[in-house]
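Read the structure below first, then the notes.
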Amino acid sequence: MMTVMILGAPEEAHAAYILSKVQKRGQSAFFFDTRRFPSQIKLNVLAGNASGPTQSLGFLEDTQAQLRIPLEDINAVYWRYHYGIQTPPEITDQFLAGMAHREIESAMGSFFRMLTCRWLNSPAAIAMHVFKPYQSHVMHQLGLRVPQTLISNDPSGVQDFFDQLNGQVIYKPVRGGAHTQKLSGDDLSKDRLAELAQAPVQFQEMIEGVDIRVYLIGEETFAAEIRSSTLDFRGDPNAAIVPVTLPEDIRRQCREAADALMLGYSGIDIRRTPEGDYVFLECNPCPMFMHFENMTGYPISDRLVDLLLTPQS
């Protein structure tokens, strides 16, 4: 029997859905909810204590879930959602709380990296996604078209970028987490630009066209147009999702981007311009898929489980 660790929690729909699908195939799956470590989940990780093919890595124990599993028995990990490091609330001293946070983070990070099984996706791939502009830089180096981008906290630099692109500029957080907006003249006021002193912002060339979401799972791709009247389709509950077939060279570029970003599974956002060019916006390492799957009929979750349950060579 194979065992899949799902990074997430029962209340997160996608994590619960994948766990259910793994179990329906007669395989074992369990949640690792990072909010419950270290207060409720025990973790013993052995580093360099033994040698040979039967080396023990230690064990994970969750009494609430009635689970005690040797770490070497974990065959695959589905990274759906990492809730972050939870410092025990009883530590009220700021210095000690900071030390505890570092220790928890280091222990958990070591545990993750010592699991040399299949990851969808790995800690390294997830970390790269945190640096979204660097991700675009990697795709650009592959020869893929990406939007011209500026990350800046310099008002004059933003004004120059705006002028260079004749005002066709959008802005969004560098790391993500908020919807895209078009940069306006009001945004270029002295008071508004002064807010850049608090945090840098990502500015991008505004690309006209149709949004396409591509789910890449192993060697397979499933693509659909997202037809929306809003600048950011995530804010449009009525957006239509229509299956499409990508040109072979664009499918190849999706695979190249995923390989460069260490992604075995990804939700890739592309915009097709009125001229027929394909502009790569982002490769998400842990995308939501249930609504997309329901709207298109694509077997995304089945293929994801297929890959998780395929022994890693």
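Lettering and numbering for the structure tokens are positional, with chains as A, B, ... in the shown order, residues counted from 1 in each chain, and ligands counted from 1 in the shown order.
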
Residues within 8 Å of Tyr81 in chain A, please, as a list of chain:residue names. Count only C-alpha atoms; anything in the same chain fewer than 6 positions from it doesn't count. A:Leu7, A:Gly8, A:Ala15, A:Cys286

List every residue of range 8-239 of chain A that DSSP, applied to the backbone, labels as strand (DSSP E), and write the result as a VMD selection string. chain A and resid 28 to 32 42 to 45 58 to 62 67 to 70 76 to 79 118 to 120 149 to 152 169 to 172 181 to 182 201 to 205 210 to 217 220 to 227

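Counting only C-alpha atoms, range 128-136 of chain A has the following residues at most 9 Å away, ignoring those fewer than 2 positions along the same chain: Pro123, Ala124, Ala125, Ile126, Val138, Met139, His140, Gln141, Val146, Pro147, Thr149, Leu150, Ile151, Val174, Arg175, Gly176, Gln202, Leu261, Met262, Phe280, Leu281, Glu282, Cys283, Asn284 and Pro285 of chain A.
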
Find the residues around Gly84 in chain A up to 8 Å (only C-alpha atoms counted), leave out those fewer than 2 positions away in its own chain, and share them as a PyMOL selection string. chain A and resi 34-35+82+86

Create the file for the chosen residues now, containing C-alpha atoms and written as a PDB file, in the first residue's frame.
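Now in out_0.pdb:
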```
ATOM      1  CA  THR A  34       1.280  22.716   9.944  1.00  0.00           C
ATOM      2  CA  ARG A  35      -0.822  24.641  12.476  1.00  0.00           C
ATOM      3  CA  HIS A  82       1.036  25.392   4.239  1.00  0.00           C
ATOM      4  CA  GLN A  86       2.511  28.627  14.532  1.00  0.00           C
TER       5      GLN A  86
END
```

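For range 115-118 of chain A, the residues within 7 Å (counting only C-alpha atoms, excluding itself and residues fewer than 2 positions away along the chain) are Asn75, Ala76, Val77, Phe111, Phe112, Arg113, Leu120, Leu308 and Gln312 of chain A.
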
Calculate how many Å separate CA of Asp187 in chain A from CA of Glu208 in chain A, rounding to one decimal. 20.7 Å

Identify, on the basis of only C-alpha atoms, every residue whose closest approach to range 210-225 of chain A does not exceed 9 Å; exclude the query and any residue fewer than 6 positions from it along the same chain; express the result as a PyMOL selection string. chain A and resi 233+240-246+251+254-255+258+263-274+287+289+292+296+298-300+303-304+307

If you keep C-alpha atoms, can you produce a file of those selected residues as a compact mmCIF listing (two decimals), in the first residue's frame?
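Okay, this is what ended up in again-v6.txt:
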```
# COMPACT_ATOMS: atom_id res chain seq x y z
CA PHE A 233 -10.86 36.99 -13.90
CA ALA A 240 -17.01 31.33 -18.71
CA ILE A 241 -14.47 28.50 -18.84
CA VAL A 242 -14.23 26.97 -22.32
CA PRO A 243 -11.90 24.04 -23.18
CA VAL A 244 -9.38 24.76 -25.94
CA THR A 245 -6.55 22.89 -27.65
CA LEU A 246 -3.16 24.56 -27.39
CA ARG A 251 2.32 22.91 -24.88
CA CYS A 254 4.48 24.89 -20.76
CA ARG A 255 6.50 21.74 -20.14
CA ALA A 258 7.41 23.62 -15.49
CA LEU A 263 6.99 21.65 -11.11
CA GLY A 264 5.44 18.24 -11.73
CA TYR A 265 1.99 19.81 -11.39
CA SER A 266 1.09 23.41 -12.14
CA GLY A 267 -1.70 25.83 -13.02
CA ILE A 268 -0.12 27.98 -15.74
CA ASP A 269 -1.69 31.34 -16.58
CA ILE A 270 -1.25 32.55 -20.15
CA ARG A 271 -2.78 35.40 -22.12
CA ARG A 272 -3.34 35.06 -25.87
CA THR A 273 -3.12 38.44 -27.59
CA PRO A 274 -5.39 39.53 -30.46
CA PRO A 287 -3.49 25.76 -7.80
CA PHE A 289 -8.82 23.01 -9.59
CA PHE A 292 -12.21 24.37 -13.34
CA THR A 296 -14.70 21.59 -18.22
CA TYR A 298 -11.26 17.58 -17.47
CA PRO A 299 -10.01 14.72 -15.20
CA ILE A 300 -7.57 16.94 -13.34
CA ARG A 303 -4.56 12.60 -13.16
CA LEU A 304 -3.13 14.28 -10.08
CA LEU A 307 0.81 10.87 -10.57
```
